[in-house]
Every structure is written in C-alpha cells, then in structure tokens.
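File shown: upload-v3.cif. Contents: mmCIF, C-alpha atoms and all ligand atoms.
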```
data_upload
#
loop_
_atom_site.label_atom_id
_atom_site.label_comp_id
_atom_site.auth_asym_id
_atom_site.auth_seq_id
_atom_site.Cartn_x
_atom_site.Cartn_y
_atom_site.Cartn_z
CA MET A 298 0.00 0.00 0.00
CA THR A 299 1.66 3.28 -1.02
CA LYS A 300 -0.51 5.51 1.15
CA THR A 301 -3.33 5.15 3.65
CA THR A 302 -5.94 7.72 4.64
CA ALA A 303 -8.19 7.85 7.71
CA THR A 304 -10.72 10.39 8.96
CA ALA A 305 -11.70 10.95 12.59
CA HIS A 306 -14.13 13.48 14.02
CA THR A 307 -13.54 15.64 17.03
CA ASN A 308 -15.44 15.05 20.26
CA ILE A 309 -16.69 17.21 23.11
CA ALA A 310 -16.61 15.75 26.59
CA LEU A 311 -19.84 16.03 28.59
CA ILE A 312 -17.96 14.70 31.62
CA LYS A 313 -14.40 15.94 31.26
CA TYR A 314 -10.91 14.53 31.50
CA TRP A 315 -9.00 17.07 33.59
CA GLY A 316 -5.98 15.58 35.34
CA LYS A 317 -3.46 12.78 34.79
CA LYS A 318 -2.24 10.12 37.16
CA ASP A 319 0.51 9.32 34.65
CA ALA A 320 1.62 12.15 32.39
CA GLN A 321 3.82 9.91 30.19
CA LEU A 322 1.00 7.53 29.30
CA ASN A 323 -1.87 10.03 29.64
CA LEU A 324 -3.61 7.90 32.25
CA PRO A 325 -6.47 10.06 33.59
CA THR A 326 -7.53 10.58 37.20
CA THR A 327 -11.20 10.05 36.19
CA SER A 328 -13.25 8.40 33.45
CA SER A 329 -14.81 10.74 30.88
CA LEU A 330 -17.75 10.68 28.49
CA SER A 331 -18.09 12.48 25.17
CA LEU A 332 -20.10 13.12 22.04
CA THR A 333 -18.36 12.91 18.65
CA LEU A 334 -19.45 15.76 16.35
CA ASP A 335 -20.35 15.65 12.66
CA GLU A 336 -19.06 19.13 11.75
CA PHE A 337 -15.39 18.98 12.73
CA TYR A 338 -12.85 16.37 11.66
CA THR A 339 -9.30 15.58 10.60
CA THR A 340 -8.28 13.58 7.54
CA THR A 341 -4.76 12.16 7.66
CA THR A 342 -2.74 10.41 4.96
CA VAL A 343 0.47 8.53 5.72
CA LYS A 344 3.11 7.20 3.36
CA ASN A 345 6.64 5.90 3.73
CA SER A 346 9.40 8.50 3.78
CA ASN A 347 13.04 8.77 4.81
CA ILE A 348 12.27 10.78 7.97
CA ASP A 349 9.13 11.30 10.08
CA GLN A 350 7.56 14.48 8.74
CA LEU A 351 4.33 16.30 9.52
CA ILE A 352 2.35 18.58 7.22
CA ILE A 353 -0.80 20.22 8.63
CA ASN A 354 -3.13 21.98 6.20
CA GLY A 355 -0.37 22.06 3.58
CA GLN A 356 2.27 23.59 5.91
CA MET A 357 5.28 21.88 7.47
CA ALA A 358 4.67 21.53 11.21
CA ASP A 359 6.87 20.71 14.20
CA PRO A 360 7.00 16.90 14.26
CA THR A 361 8.32 16.56 17.86
CA ARG A 362 5.07 15.39 19.48
CA VAL A 363 4.19 13.14 16.56
CA HIS A 364 7.71 11.74 16.47
CA HIS A 365 7.46 10.79 20.14
CA PHE A 366 4.05 9.24 19.46
CA LEU A 367 5.35 7.20 16.48
CA ASP A 368 8.29 5.95 18.56
CA GLY A 369 5.75 4.68 21.10
CA LEU A 370 3.96 2.82 18.29
CA ARG A 371 7.27 1.38 17.08
CA ALA A 372 8.07 0.14 20.59
CA GLU A 373 4.70 -1.63 20.76
CA LEU A 374 4.12 -2.80 17.17
CA GLY A 375 7.70 -3.35 15.97
CA ASP A 376 9.89 -1.00 13.97
CA PHE A 377 8.51 0.57 10.79
CA SER A 378 9.78 2.99 8.19
CA PRO A 379 9.62 6.76 8.83
CA LEU A 380 6.32 8.29 7.74
CA LEU A 381 5.27 11.39 5.89
CA ILE A 382 2.04 12.46 7.58
CA SER A 383 -0.29 14.96 5.90
CA SER A 384 -3.21 16.14 7.96
CA GLN A 385 -6.11 18.29 6.89
CA ASN A 386 -7.96 19.78 9.85
CA HIS A 387 -11.59 20.61 9.14
CA VAL A 388 -11.89 22.58 12.35
CA PRO A 389 -12.28 26.37 12.11
CA THR A 390 -8.92 27.76 13.19
CA ALA A 391 -10.33 30.20 15.75
CA ALA A 392 -12.62 27.56 17.23
CA GLY A 393 -9.94 26.10 19.49
CA LEU A 394 -11.77 22.81 19.32
CA ALA A 395 -9.61 19.95 20.49
CA SER A 396 -8.15 19.13 17.08
CA SER A 397 -5.60 16.93 18.87
CA ALA A 398 -8.46 14.50 19.55
CA SER A 399 -9.38 14.00 15.89
CA ALA A 400 -5.72 14.35 14.80
CA PHE A 401 -4.32 11.55 16.99
CA ALA A 402 -7.33 9.31 16.36
CA ALA A 403 -6.91 9.71 12.57
CA LEU A 404 -3.13 9.23 12.75
CA THR A 405 -3.39 6.07 14.87
CA ALA A 406 -5.93 4.60 12.45
CA ALA A 407 -4.00 5.59 9.30
CA ALA A 408 -0.57 4.48 10.59
CA THR A 409 -1.69 1.08 11.88
CA ARG A 410 -3.74 0.34 8.73
CA HIS A 411 -0.70 1.41 6.66
CA LEU A 412 1.29 -1.30 8.45
CA GLY A 413 -1.28 -3.84 7.31
CA LEU A 414 -2.84 -4.15 10.76
CA ASP A 415 -6.57 -4.34 11.34
CA LEU A 416 -6.79 -3.62 15.07
CA PRO A 417 -9.97 -3.47 17.14
CA LEU A 418 -11.24 0.05 17.88
CA THR A 419 -10.48 -0.36 21.58
CA THR A 420 -6.81 -1.09 20.76
CA LEU A 421 -6.67 1.96 18.47
CA SER A 422 -8.23 3.96 21.30
CA ARG A 423 -5.58 2.78 23.76
CA LEU A 424 -2.78 3.66 21.31
CA ALA A 425 -4.30 7.05 20.42
CA ARG A 426 -4.41 7.91 24.14
CA ARG A 427 -0.65 8.24 24.21
CA GLY A 428 -0.85 11.07 21.66
CA SER A 429 -3.71 12.90 23.34
CA GLY A 430 -6.10 11.67 26.02
CA SER A 431 -9.23 12.99 24.32
CA ALA A 432 -8.25 11.08 21.13
CA THR A 433 -9.28 7.83 22.87
CA ARG A 434 -12.91 8.86 22.34
CA SER A 435 -12.65 10.11 18.73
CA LEU A 436 -12.45 6.60 17.24
CA PHE A 437 -16.13 6.13 18.02
CA GLY A 438 -19.28 7.65 16.58
CA GLY A 439 -21.91 9.17 18.88
CA PHE A 440 -21.27 8.86 22.61
CA ALA A 441 -18.07 7.31 23.95
CA LEU A 442 -16.91 6.39 27.43
CA TRP A 443 -13.22 6.45 28.29
CA GLN A 444 -12.68 4.16 31.28
CA ALA A 445 -9.83 5.61 33.31
CA GLY A 446 -8.38 2.14 33.95
CA THR A 447 -5.33 1.56 36.08
CA ASN A 448 -2.52 1.11 33.55
CA ASP A 449 -1.61 1.34 29.86
CA GLN A 450 -3.54 -1.84 29.03
CA THR A 451 -6.79 -0.92 30.75
CA SER A 452 -7.22 2.78 29.88
CA TYR A 453 -9.21 3.18 26.65
CA ALA A 454 -12.64 4.18 25.36
CA ASN A 455 -15.62 2.26 24.08
CA ALA A 456 -18.73 3.24 22.18
CA LEU A 457 -21.62 3.98 24.51
CA PRO A 458 -24.81 2.82 22.80
CA THR A 459 -27.76 5.09 23.62
CA PRO A 460 -31.28 5.60 22.33
CA ASN A 461 -31.48 8.02 19.41
CA ILE A 462 -31.27 11.32 21.30
CA PRO A 463 -32.23 14.56 19.48
CA ILE A 464 -29.16 16.40 20.77
CA SER A 465 -27.40 19.33 19.08
CA LEU A 466 -24.34 21.28 20.12
CA LEU A 467 -23.91 24.90 19.14
CA VAL A 468 -20.24 25.75 18.91
CA VAL A 469 -19.71 29.43 19.69
CA GLU A 470 -16.35 30.70 18.47
CA ILE A 471 -14.77 33.31 20.67
CA SER A 472 -11.34 34.22 19.36
CA GLY A 473 -8.79 33.53 22.06
CA LEU A 474 -6.37 36.43 22.05
CA GLN A 475 -5.12 35.49 25.51
CA LYS A 476 -1.98 33.39 25.84
CA LYS A 477 -2.78 29.74 25.33
CA ILE A 478 -2.21 27.31 28.17
CA SER A 479 -2.00 23.76 26.83
CA SER A 480 -4.38 21.20 28.28
CA SER A 481 -1.46 19.28 29.85
CA GLU A 482 -0.18 22.43 31.53
CA GLY A 483 -3.71 23.42 32.59
CA MET A 484 -4.34 19.99 34.13
CA GLN A 485 -1.05 20.10 36.04
CA ARG A 486 -1.99 23.43 37.58
CA ALA A 487 -5.62 22.42 38.26
CA MET A 488 -4.44 19.39 40.24
CA THR A 489 -2.92 21.80 42.79
CA SER A 490 -6.38 23.17 43.63
CA PRO A 491 -7.59 22.35 47.17
CA ASN A 492 -10.84 21.30 45.47
CA TYR A 493 -9.24 18.68 43.24
CA GLU A 494 -10.17 15.69 45.40
CA GLN A 495 -13.80 16.84 45.39
CA TRP A 496 -13.66 17.06 41.58
CA VAL A 497 -12.55 13.42 41.33
CA HIS A 498 -15.26 12.37 43.78
CA ASP A 499 -17.97 14.24 41.84
CA ALA A 500 -16.79 13.03 38.41
CA ASN A 501 -17.18 9.44 39.65
CA TRP A 502 -20.89 9.78 40.34
CA GLN A 503 -21.49 12.22 37.47
CA ILE A 504 -20.28 9.65 34.94
CA THR A 505 -22.85 7.14 36.21
CA ALA A 506 -25.59 9.77 36.38
CA MET A 507 -24.78 10.92 32.83
CA GLN A 508 -25.13 7.38 31.47
CA ALA A 509 -28.52 7.07 33.18
CA ALA A 510 -29.63 10.45 31.75
CA LEU A 511 -28.57 9.37 28.23
CA GLN A 512 -30.40 6.04 28.53
CA ALA A 513 -33.52 7.95 29.61
CA SER A 514 -33.03 10.51 26.75
CA ASP A 515 -33.33 13.17 29.46
CA LEU A 516 -31.66 16.12 27.73
CA THR A 517 -32.24 18.52 30.60
CA ARG A 518 -30.40 16.23 33.01
CA VAL A 519 -27.65 15.64 30.41
CA GLY A 520 -27.23 19.41 30.10
CA GLN A 521 -27.28 20.07 33.85
CA LEU A 522 -24.67 17.42 34.55
CA ALA A 523 -22.43 18.58 31.68
CA GLU A 524 -22.60 22.23 32.73
CA ASP A 525 -21.94 21.45 36.41
CA ASN A 526 -18.99 19.28 35.44
CA ALA A 527 -17.49 21.85 33.05
CA LEU A 528 -17.86 24.81 35.41
CA ALA A 529 -16.31 22.79 38.26
CA MET A 530 -13.38 22.01 35.95
CA HIS A 531 -12.88 25.70 35.21
CA ALA A 532 -13.23 26.53 38.91
CA LEU A 533 -10.22 24.25 39.55
CA ASN A 534 -8.17 26.42 37.21
CA LEU A 535 -9.20 29.54 39.12
CA SER A 536 -8.45 27.99 42.51
CA ALA A 537 -5.13 26.32 41.60
CA LYS A 538 -2.41 26.90 44.19
CA ASP A 539 0.23 26.82 41.49
CA ARG A 540 -0.25 29.62 38.91
CA ARG A 541 -4.03 29.83 38.92
CA PHE A 542 -5.56 30.95 35.63
CA THR A 543 -8.68 30.98 33.53
CA TYR A 544 -9.52 30.24 29.90
CA PHE A 545 -12.54 32.54 30.13
CA THR A 546 -12.66 35.91 28.40
CA PRO A 547 -15.31 38.62 28.93
CA GLN A 548 -17.16 37.22 25.91
CA THR A 549 -17.18 33.75 27.45
CA ILE A 550 -19.04 35.21 30.42
CA GLN A 551 -21.44 37.05 28.09
CA VAL A 552 -22.31 33.79 26.33
CA LEU A 553 -22.70 31.95 29.66
CA ASP A 554 -25.11 34.68 30.82
CA LEU A 555 -27.09 34.36 27.62
CA VAL A 556 -27.31 30.58 28.05
CA LYS A 557 -28.78 31.17 31.51
CA LYS A 558 -31.30 33.65 30.10
CA LEU A 559 -32.36 31.18 27.40
CA ARG A 560 -32.91 28.59 30.09
CA GLN A 561 -34.98 31.00 32.14
CA ALA A 562 -37.09 31.52 29.00
CA GLY A 563 -37.87 27.79 29.03
CA LEU A 564 -35.36 26.48 26.49
CA ILE A 565 -33.00 23.56 26.89
CA ALA A 566 -29.60 25.29 26.88
CA TYR A 567 -26.55 24.26 28.88
CA ALA A 568 -22.92 25.24 28.41
CA THR A 569 -19.71 23.27 28.33
CA LEU A 570 -16.16 24.56 27.74
CA ASP A 571 -12.78 22.94 27.11
CA ALA A 572 -9.23 24.28 27.30
CA GLY A 573 -10.14 27.61 25.71
CA PRO A 574 -12.65 30.46 25.78
CA ASN A 575 -15.21 28.96 23.36
CA VAL A 576 -18.60 27.84 24.58
CA LYS A 577 -20.50 24.79 23.33
CA ILE A 578 -24.22 24.88 24.03
CA ILE A 579 -26.08 21.62 24.52
CA THR A 580 -29.67 21.73 23.33
CA HIS A 581 -32.56 19.86 21.69
CA SER A 582 -32.21 19.69 17.90
CA ASP A 583 -35.57 21.43 17.49
CA GLN A 584 -34.32 24.45 19.45
CA ALA A 585 -30.85 24.79 17.91
CA ALA A 586 -31.75 27.19 15.08
CA TYR A 587 -33.71 29.45 17.43
CA ILE A 588 -30.79 29.61 19.89
CA GLN A 589 -28.41 30.32 17.02
CA ALA A 590 -30.63 33.25 15.95
CA GLN A 591 -30.74 34.58 19.53
CA LEU A 592 -26.97 34.45 19.77
CA HIS A 593 -26.66 36.21 16.46
CA GLN A 594 -28.98 38.96 17.64
CA GLU A 595 -27.17 39.55 20.96
CA LEU A 596 -23.60 38.86 19.87
CA PRO A 597 -23.56 39.31 16.06
CA LYS A 598 -19.76 39.05 15.71
CA LEU A 599 -19.51 35.48 17.00
CA ARG A 600 -19.63 32.57 14.59
CA VAL A 601 -21.97 29.82 15.73
CA THR A 602 -22.02 26.35 14.15
CA ILE A 603 -24.73 23.79 14.84
CA ALA A 604 -23.24 20.31 15.24
CA HIS A 605 -24.88 16.90 15.71
CA PRO A 606 -23.64 13.44 16.67
CA GLY A 607 -20.91 12.42 14.23
CA PRO A 608 -19.48 9.13 12.90
CA GLY A 609 -16.57 7.00 14.06
CA VAL A 610 -13.26 6.59 12.27
CA SER A 611 -13.31 5.73 8.54
CA TYR A 612 -10.72 4.86 5.90
CA GLU A 613 -10.13 5.45 2.22
CA GLN A 614 -7.33 3.93 0.16
O1 LIG A 701 -6.66 15.44 25.07
P1 LIG A 701 -6.14 16.66 25.69
O2 LIG A 701 -4.86 16.46 26.38
O3 LIG A 701 -6.08 17.83 24.73
O4 LIG A 701 -7.17 17.12 26.86
C1 LIG A 701 -8.50 17.45 26.63
C2 LIG A 701 -9.07 18.16 27.79
C3 LIG A 701 -10.48 18.69 27.63
O5 LIG A 701 -10.80 18.92 26.29
C4 LIG A 701 -10.60 20.03 28.36
C5 LIG A 701 -11.51 17.76 28.27
C6 LIG A 701 -11.83 16.49 27.52
O6 LIG A 701 -12.18 15.51 28.18
O7 LIG A 701 -11.77 16.49 26.28
#
```

Using the file provided, produce a representation of the structure as structure tokens.
Amino acid sequence: MTKTTATAHTNIALIKYWGKKDAQLNLPTTSSLSLTLDEFYTTTTVKNSNIDQLIINGQMADPTRVHHFLDGLRAELGDFSPLLISSQNHVPTAAGLASSASAFAALTAAATRHLGLDLPLTTLSRLARRGSGSATRSLFGGFALWQAGTNDQTSYANALPTPNIPISLLVVEISGLQKKISSSEGMQRAMTSPNYEQWVHDANWQITAMQAALQASDLTRVGQLAEDNALAMHALNLSAKDRRFTYFTPQTIQVLDLVKKLRQAGLIAYATLDAGPNVKIITHSDQAAYIQAQLHQELPKLRVTIAHPGPGVSYEQ
C-alpha cells in the first residue's frame, strides 16, 4: 500500500478529562464521556518516507510530538519505516476545538492500517491515548466512554450505545487572544487546587448519572450534569495553588449569561467549555436554530455552528 488515509471526528466531553495520574501515558484521574461531532474532523494520509515528517493543512509543522508518538507505536508494534504524515484539519482555526483528539485518532488509524494491521477500535483507542487523552474517544461515533483504567492496558474508550437522542451542540467561536495554556499544563496546575479531590469524587458519580440520563433521553439532566462538570473544571483552574488561571474571556461570560437567560425563557440550553474560551451549548435539535438566531442577535460578531452526533473513524485507500 503506497498511502493510507483515515478520517476521525472531534469530540466534546460532557464529563471531562482534567488531570493525569501518569503524564507519560496520559492515564487520567477520572473516566470521561463524550459526544463525537459531525461538523469537525481531521483527515490524515500517511506514506513511507526517509524521515518522520508532519504537514498540517499544507504547511510543514513541528514533528516533535508526533515523532514521540510514532516511537511509542514502534516500541509496541515493531519497527517501521519513517512516515510522511499529511493532515487536513476541518476545524475552524479560531474555534480552538480539540483538534488533537481528531488528529491523533486519525493518525493512529492511518498508521496502523498502513502497516497492514486491522486492530480493534479499543486497541486503536488505547494507542491514540498516548498522543492525546481525548483522542481515545474520537475513534467512536456518537457517545463514547473512556474508562480511566489503572494502567496502559486498561485505559481506553468504548462506544456507549444510547437511544437516538435529538441532541445538538452549538459551537460558539470566541477568538482567544489570551496566551494559550496547553491542556497538559492546565491539568497540572488544576491538580494543585484544594478542590481537586472533590472534583474526582464528583466526576465518579457524574459519569454514572450521565449514562442514566442518556439512557432515559433526558436532555435537561444531560445538560445540567455537563454544565456542572465543566464549570467545576474551570473553577479548579481559578483555585489552583500553582499559577491559577482561567480560559474565560469577557465574551465567554457574556455567552454563559445568555445561556442562563435562554434557560430562564424555558429552552434547553446548557454550556460546556474545554481548554479555551469557546462555549458549546447543549440543546434539543428542534431548538438549535432558534438559539443560534438569539446568539446572532445579541452577539452578532460570534460565529456559531450547529453540530450533531458524528461518525466513528473511517478509511479510504
Ligand atoms: O486530550 P487533551 O490532552 O487535549 O485534553 C482534553 C481536555 C479537555 O478537552 C478540556 C476535556 C476532555 O475531556 O476532552
């Protein structure tokens, strides 16, 4: 096979991964649960080369992280030739969506298939974890559950079958002019918060409660749990003992206030945020266009994309 191409979609965690018990292997302190989105994805092609090289959206990129990741694959799967990796990110650049999730999921799938391997999704998930924790969940369509596990063998995600839930996510792009703090760095600081132990305790019951809410197609409960979990995560950043910080900007707060107002008006609208200022609003599919229009009216400069549950990893030759 001269080249192999795989596509993986990005995912948004409803119950977040925010802390590592092993930073080398990306073993998380808690399990997490996500929804893969249809709108945002990465397509990656690999072919043999004389050195490991990375091209993102047509531009040469720093291959250090990918190189480290490929060396991990070589250690596990046996040595293989250097790879030229070309990735196309279909994620709006200002969106700050976790493109590392779709990127490492697509790369793991493309590289292993290129080697002639046809590995189960859970093995791909375990391997993708070493590139980026959230990538564990991007192999799967719809909802996915990443079991924290206790070691490299037991920490990976699985698809979480649910009834057909009419869920939509509005992705509100707030350009992040503030200095970026990587998720690894953010997690390290958050773990110094005096509230960190409480976060782990709460995440443990929230993950069970979220599964029950999904099985019951109870979108209000899904939204409540996701918002509580996300705001508690961001509160850890603000209360960190070591270099406390926030990803929020004034516009983040404006959008959060609007979400609250929409809720008071009787709509299903709950917010979740990752390692950046952008807000994702969880709602019922029937209400998504109305909420988008409200956002446009109040904050006309912000781009808002309506996303739905997306597919798992796919290949083309
Ligand atoms: O996969 P990483 O290392 O980029 O971490 C992702 C962290 C969050 O997006 C904030 C939460 C999550 O579970 O995806």

- Query: Skipping near chain neighbours, those fewer than 3 positions away, what residues fall within 12 Å of A:Arg600 using all atoms listed in the file, listed as JSON, numbers by chain?
  - Reply: {"A": [389, 390, 391, 392, 467, 468, 469, 470, 471, 472, 575, 576, 577, 589, 590, 592, 593, 594, 596, 597, 603]}

Let's have the selection written as an mmCIF file, in the coordinates of the input, with C-alpha atoms.
```
data_model
loop_
_atom_site.group_PDB
_atom_site.id
_atom_site.type_symbol
_atom_site.label_atom_id
_atom_site.label_comp_id
_atom_site.auth_asym_id
_atom_site.auth_seq_id
_atom_site.Cartn_x
_atom_site.Cartn_y
_atom_site.Cartn_z
ATOM 1 C CA PRO A 389 -12.280 26.370 12.110
ATOM 2 C CA THR A 390 -8.920 27.760 13.190
ATOM 3 C CA ALA A 391 -10.330 30.200 15.750
ATOM 4 C CA ALA A 392 -12.620 27.560 17.230
ATOM 5 C CA LEU A 467 -23.910 24.900 19.140
ATOM 6 C CA VAL A 468 -20.240 25.750 18.910
ATOM 7 C CA VAL A 469 -19.710 29.430 19.690
ATOM 8 C CA GLU A 470 -16.350 30.700 18.470
ATOM 9 C CA ILE A 471 -14.770 33.310 20.670
ATOM 10 C CA SER A 472 -11.340 34.220 19.360
ATOM 11 C CA ASN A 575 -15.210 28.960 23.360
ATOM 12 C CA VAL A 576 -18.600 27.840 24.580
ATOM 13 C CA LYS A 577 -20.500 24.790 23.330
ATOM 14 C CA GLN A 589 -28.410 30.320 17.020
ATOM 15 C CA ALA A 590 -30.630 33.250 15.950
ATOM 16 C CA LEU A 592 -26.970 34.450 19.770
ATOM 17 C CA HIS A 593 -26.660 36.210 16.460
ATOM 18 C CA GLN A 594 -28.980 38.960 17.640
ATOM 19 C CA LEU A 596 -23.600 38.860 19.870
ATOM 20 C CA PRO A 597 -23.560 39.310 16.060
ATOM 21 C CA ILE A 603 -24.730 23.790 14.840
#
```

- Message: Can you pull out every residue with an atom within 9 Å of ligand LIG 701 (chain A)? Use all atoms listed in the file and format it as a count of residues only.
- Response: 38

- Shortest interatomic distance to A:Ala604 - which of A:Arg427, A:His306, A:His531, A:Arg541, counting all atoms listed in the file: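 Ranking A:Arg427, A:His306, A:His531, A:Arg541 by distance to A:Ala604, first place goes to A:His306.
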
- Message: Residues within 12 Å of (-27.8, 14.0, 22.4), file coordinates, counting only C-alpha atoms: what are they? Give the list as a PyMOL selection string.
- Response: chain A and resi 309+311+331-334+439-441+457-466+507-508+510-520+523+565+578-583+604-607

- Distance atom CA of A:His365-atom CA of A:Ser611, one decimal place?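 Interatomic distance here is 24.3 Å.
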
- Item | Test item: residues at most 7 Å from A:Asn386, only C-alpha atoms, excluding those fewer than 5 positions along its chain, as a count of residues only | 4

- Task: May I ask which of the residues A:Ala509, A:Leu535, A:Ala585, A:Leu564 is the closest one to A:Pro491, counting all atoms listed in the file?
- Result: A:Leu535

- Query: In terms of the shortest atom-to-atom distance over all atoms listed in the file, which of A:Pro360, A:Pro417, A:Gly446, A:Gly563 is closest to A:Pro379?
  - Reply: A:Pro360

- Query: Between A:Ala358, A:Leu351, A:Leu324, A:Ala305, which is the closest to A:Trp443 once you count only C-alpha atoms?
  - Reply: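 Answer, going by the shortest atom-to-atom distance: A:Leu324.
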
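Shortest separation to A:Thr307 among A:Asp319, A:Asp415, A:Glu613, A:Asp335 occurs at residue A:Asp335, atoms counted being only C-alpha atoms.
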
- Task: Enter the distance from atom CA of A:Ala456 to atom CA of A:Leu436, in Å, rounded to one decimal.
- Result: 8.7 Å
